[in-house]
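Working notes, beginning with the structure itself.
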Amino acid sequence: MNESLLTAALTTVKSLETILMGKTAQIEDALITLFADGHLLLEDLPGMGKTTLAQGIAHCLGLDHQRIQFTSDLLPADILGVSIFEPETGTFRFHEGPVFTQLLLADEINRTSPKTQSALLEVMEERNVTIEGKLYRLAKPFFVIATQNPSTQFGTFPLPESQLDRFLMRISIGYPSPEVELQILAQGDSRLRIDQLPQTLDHSQLLAIQQACMAVHASAEIVDYLQRVLTFTRSSDRFTVGISPRGGLSLLKAAKARAWLKGRAHVLPEDIQKLIGPVFGHRLRTSDRVDELSTERLIDLILDEVDVIR
């Protein structure tokens, strides 16, 4: 294992903790998503630090970044770009949209129409844009952090299951503890300190970390455990729809990235268990019989009923 890369990654976590105090787990999950070459959905109330986290990651990693504020009148062309006729040359010239960046913050993605949501989510999957038959490839890495307000708020368009599946993880930041909130109130708006964060990783180091995470070993026993978890979600009457093979691969990728961040070259059962909630929470659909149970409780049921060792 490249110790210098791991040290830089852990330094990134420490730096981000200075602007998002008391949220180490959420910071690690966000970085794990990036290291696993996935996309992140942040679901929370306004003012919890979603934008701060995204901007902090972009600053610490030296990534080009863009922000799109999603509104009801936003069009796909506002995201992807558009070809405009130039009379001087007599040709059409493509003007790139904000999706042509390394880190894209899609703010309040569920406030725009399903058509515009689909345009972004298709790009997230394909990693390229096709305009008038011409293919334009996106930068590497390409990392989308989408924020979403709770569906109970006015004026939201919930993402359908097929589009939620584009996100490797869904996490919430949540309220700070009373002790941490006292520090936040004393220090003032943390967004004002983002520009003071040091750059802890560069582009080549980030790509090297992504490659290193892919190389982390998952034993036959770990893969068997994961497969039994998938089977349980499909066979249990607690769920109307189980986890797909792609969902299983997503959890394995995330578990490898977590193992790497914890300084290991192999996946442990705890890597699977710690990430079942963030990776599976937005993919599972419960049966009517258990609608009263929270996602956290359902995850606990999976962990209780599927043994690590067969």
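Going by the structure tokens order, chains are called A, B, ..., each with residues numbered from 1, while ligands are numbered from 1 in the order shown.
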
Next item on the list: Please run DSSP on the backbone and report, as a ChimeraX atom specification, all residues within region 27-79 of chain A that come out as strand (DSSP E or B).
Entry: /A:40-43,65-69

Tell me, counting only C-alpha atoms, for each residue of region 96-160 of chain A within 12 Å of region 198-204 of chain A, which pair of atoms is nearest and how far apart they are in Å to one decimal, in rows ordered by chain and increasing number, as a tab-separated table.
```
residue	atom	partner	partner_atom	distance
A:Gln102	CA	A:His203	CA	9.8
A:Leu103	CA	A:His203	CA	11.8
A:Ala139	CA	A:His203	CA	11.0
A:Lys140	CA	A:His203	CA	8.8
A:Pro141	CA	A:His203	CA	8.2
A:Phe142	CA	A:His203	CA	11.5
```

Notebook entry, point to check: Near Phe239 (chain A), counting only C-alpha atoms, which residues have an atom at most 7 Å away, once you skip same-chain residues fewer than 5 positions from it, shown as number ranges by chain?
Noted result: A: 233, 284-287

Residues of region 92-123 of chain A within 9 Å of region 73-79 of chain A: nearest atom pair and distance (Å, one decimal) for each, counting only C-alpha atoms, sorted by chain and number, as CSV?
```
residue,atom,partner,partner_atom,distance
A:Glu96,CA,A:Ile79,CA,8.6
A:Gly97,CA,A:Ile79,CA,5.1
A:Pro98,CA,A:Ile79,CA,5.7
A:Val99,CA,A:Ile79,CA,5.9
A:Phe100,CA,A:Ile79,CA,8.9
A:Thr112,CA,A:Leu74,CA,6.5
A:Ser113,CA,A:Asp73,CA,7.6
A:Lys115,CA,A:Pro76,CA,7.3
A:Thr116,CA,A:Pro76,CA,4.9
A:Gln117,CA,A:Pro76,CA,8.0
A:Ser118,CA,A:Pro76,CA,8.4
A:Ala119,CA,A:Pro76,CA,5.7
A:Leu120,CA,A:Ile79,CA,7.1
```

I need the chosen residues saved as a tab-separated table (two decimals), in the first residue's frame, with all heavy atoms.
```tsv
chain	number	residue	atom	x	y	z
A	96	GLU	N	-20.09	24.20	-24.07
A	96	GLU	CA	-20.21	23.23	-22.99
A	96	GLU	C	-21.03	23.75	-21.83
A	96	GLU	O	-20.93	24.92	-21.45
A	96	GLU	CB	-18.81	22.83	-22.49
A	96	GLU	CG	-17.97	22.11	-23.51
A	96	GLU	CD	-16.61	21.73	-22.95
A	96	GLU	OE1	-16.25	22.23	-21.86
A	96	GLU	OE2	-15.90	20.94	-23.60
A	97	GLY	N	-21.84	22.86	-21.26
A	97	GLY	CA	-22.61	23.20	-20.07
A	97	GLY	C	-21.80	22.93	-18.82
A	97	GLY	O	-20.67	22.42	-18.86
A	98	PRO	N	-22.35	23.24	-17.66
A	98	PRO	CA	-21.62	23.07	-16.40
A	98	PRO	C	-21.27	21.62	-16.06
A	98	PRO	O	-20.46	21.37	-15.18
A	98	PRO	CB	-22.57	23.67	-15.35
A	98	PRO	CG	-23.91	23.68	-16.00
A	98	PRO	CD	-23.67	23.84	-17.47
A	99	VAL	N	-21.87	20.64	-16.78
A	99	VAL	CA	-21.55	19.23	-16.51
A	99	VAL	C	-20.12	18.90	-16.91
A	99	VAL	O	-19.55	17.90	-16.44
A	99	VAL	CB	-22.56	18.32	-17.25
A	99	VAL	CG1	-22.25	18.25	-18.73
A	99	VAL	CG2	-22.58	16.93	-16.65
A	100	PHE	N	-19.50	19.75	-17.72
A	100	PHE	CA	-18.12	19.52	-18.14
A	100	PHE	C	-17.17	20.06	-17.07
A	100	PHE	O	-16.59	21.13	-17.19
A	100	PHE	CB	-17.85	20.16	-19.50
A	100	PHE	CG	-18.50	19.43	-20.63
A	100	PHE	CD1	-19.81	19.72	-20.99
A	100	PHE	CD2	-17.83	18.43	-21.32
A	100	PHE	CE1	-20.43	19.04	-22.03
A	100	PHE	CE2	-18.44	17.74	-22.36
A	100	PHE	CZ	-19.74	18.05	-22.71
A	112	THR	N	-36.36	20.14	-9.77
A	112	THR	CA	-36.50	20.32	-11.21
A	112	THR	C	-37.35	19.21	-11.80
A	112	THR	O	-37.68	18.23	-11.13
A	112	THR	CB	-35.12	20.37	-11.90
A	112	THR	OG1	-35.26	20.92	-13.21
A	112	THR	CG2	-34.50	18.98	-11.99
A	113	SER	N	-37.70	19.35	-13.07
A	113	SER	CA	-38.61	18.40	-13.71
A	113	SER	C	-37.93	17.05	-13.94
A	113	SER	O	-36.71	16.98	-14.06
A	113	SER	CB	-39.08	18.97	-15.05
A	113	SER	OG	-38.00	19.03	-15.96
A	115	LYS	N	-37.67	15.41	-16.63
A	115	LYS	CA	-36.92	15.43	-17.89
A	115	LYS	C	-35.51	15.95	-17.67
A	115	LYS	O	-34.53	15.39	-18.19
A	115	LYS	CB	-37.65	16.29	-18.92
A	115	LYS	CG	-36.96	16.33	-20.29
A	115	LYS	CD	-37.77	17.14	-21.28
A	115	LYS	CE	-37.09	17.14	-22.65
A	115	LYS	NZ	-37.88	17.93	-23.64
A	116	THR	N	-35.38	17.01	-16.89
A	116	THR	CA	-34.06	17.58	-16.62
A	116	THR	C	-33.26	16.69	-15.68
A	116	THR	O	-32.06	16.52	-15.84
A	116	THR	CB	-34.20	19.00	-16.03
A	116	THR	OG1	-34.99	19.80	-16.92
A	116	THR	CG2	-32.85	19.65	-15.84
A	117	GLN	N	-33.92	16.09	-14.71
A	117	GLN	CA	-33.25	15.12	-13.84
A	117	GLN	C	-32.65	13.99	-14.68
A	117	GLN	O	-31.49	13.60	-14.49
A	117	GLN	CB	-34.24	14.53	-12.83
A	117	GLN	CG	-34.71	15.48	-11.76
A	117	GLN	CD	-35.80	14.86	-10.90
A	117	GLN	OE1	-36.28	13.76	-11.17
A	117	GLN	NE2	-36.19	15.56	-9.85
A	118	SER	N	-33.43	13.48	-15.62
A	118	SER	CA	-32.97	12.36	-16.44
A	118	SER	C	-31.75	12.73	-17.27
A	118	SER	O	-30.87	11.89	-17.48
A	118	SER	CB	-34.10	11.90	-17.37
A	118	SER	OG	-35.19	11.40	-16.63
A	119	ALA	N	-31.69	13.97	-17.75
A	119	ALA	CA	-30.55	14.39	-18.56
A	119	ALA	C	-29.26	14.29	-17.76
A	119	ALA	O	-28.25	13.79	-18.26
A	119	ALA	CB	-30.77	15.82	-19.05
A	120	LEU	N	-29.28	14.75	-16.51
A	120	LEU	CA	-28.08	14.67	-15.67
A	120	LEU	C	-27.77	13.23	-15.31
A	120	LEU	O	-26.61	12.79	-15.39
A	120	LEU	CB	-28.27	15.50	-14.40
A	120	LEU	CG	-27.14	15.36	-13.36
A	120	LEU	CD1	-25.81	15.83	-13.93
A	120	LEU	CD2	-27.48	16.11	-12.09
```

Next item on the list: Within 8 Å of Ser172 (chain A), counting only C-alpha atoms, which residues show up once you throw out same-chain ones fewer than 4 positions away? Write them as number ranges by chain, please.
Entry: A: 26, 42-44

Selection to disk with all heavy atoms, as an mmCIF file, in the first residue's frame:
```
data_model
loop_
_atom_site.group_PDB
_atom_site.id
_atom_site.type_symbol
_atom_site.label_atom_id
_atom_site.label_comp_id
_atom_site.auth_asym_id
_atom_site.auth_seq_id
_atom_site.Cartn_x
_atom_site.Cartn_y
_atom_site.Cartn_z
ATOM 1 N N GLN A 26 -19.696 11.074 7.928
ATOM 2 C CA GLN A 26 -20.252 11.565 6.667
ATOM 3 C C GLN A 26 -19.144 11.999 5.713
ATOM 4 O O GLN A 26 -19.245 11.783 4.494
ATOM 5 C CB GLN A 26 -21.211 12.735 6.928
ATOM 6 C CG GLN A 26 -22.520 12.339 7.582
ATOM 7 C CD GLN A 26 -22.440 12.202 9.096
ATOM 8 O OE1 GLN A 26 -21.346 12.219 9.679
ATOM 9 N NE2 GLN A 26 -23.580 12.088 9.742
ATOM 10 N N LEU A 42 -26.885 13.603 -1.248
ATOM 11 C CA LEU A 42 -27.005 14.142 0.103
ATOM 12 C C LEU A 42 -28.455 14.561 0.320
ATOM 13 O O LEU A 42 -28.956 15.451 -0.374
ATOM 14 C CB LEU A 42 -26.090 15.354 0.294
ATOM 15 C CG LEU A 42 -24.590 15.116 0.358
ATOM 16 C CD1 LEU A 42 -23.849 16.452 0.412
ATOM 17 C CD2 LEU A 42 -24.230 14.287 1.582
ATOM 18 N N GLU A 43 -29.124 13.911 1.244
ATOM 19 C CA GLU A 43 -30.531 14.221 1.519
ATOM 20 C C GLU A 43 -30.643 14.775 2.924
ATOM 21 O O GLU A 43 -30.338 14.086 3.901
ATOM 22 C CB GLU A 43 -31.392 12.969 1.367
ATOM 23 C CG GLU A 43 -32.880 13.254 1.516
ATOM 24 C CD GLU A 43 -33.729 12.022 1.270
ATOM 25 O OE1 GLU A 43 -33.798 11.182 2.186
ATOM 26 O OE2 GLU A 43 -34.296 11.902 0.178
ATOM 27 N N ASP A 44 -31.070 16.031 2.995
ATOM 28 C CA ASP A 44 -31.173 16.652 4.317
ATOM 29 C C ASP A 44 -31.936 17.960 4.198
ATOM 30 O O ASP A 44 -32.208 18.450 3.088
ATOM 31 C CB ASP A 44 -29.784 16.920 4.900
ATOM 32 C CG ASP A 44 -29.711 16.580 6.383
ATOM 33 O OD1 ASP A 44 -30.726 16.782 7.079
ATOM 34 O OD2 ASP A 44 -28.656 16.112 6.838
#
```

Next item on the list: Tell me which of A:Glu181, A:Glu17, A:Asp29, A:Asp107 sits closest to Val144 (chain A), counting only C-alpha atoms.
Entry: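 Nearest candidate to Val144 (chain A) out of A:Glu181, A:Glu17, A:Asp29, A:Asp107: A:Asp107.
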
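Of note, CA of Lys253 (chain A) and CA of Ile194 (chain A) are spaced 29.3 Å apart.
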
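Interatomic distance, CA of Glu125 (chain A) against CA of Leu80 (chain A): 13.9 Å.
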
Notebook entry, point to check: Which is closest to Leu10 (chain A) among A:Val223, A:Ala215, A:Ile27, A:Val241, if we use only C-alpha atoms?
Noted result: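 So, comparing all the options, the nearest one is A:Ile27.
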
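Proximity of A:Ile68, A:Ile171, A:Leu61, A:Ala146 to Lys23 (chain A), computed with only C-alpha atoms, is greatest for A:Ile171.
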
Check: Hey, which of A:Arg258, A:Arg137, A:His39, A:Arg127 ends up closest to Ile272 (chain A)? Count only C-alpha atoms.
Finding: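 Ranking A:Arg258, A:Arg137, A:His39, A:Arg127 by distance to Ile272 (chain A), first place goes to A:Arg258.
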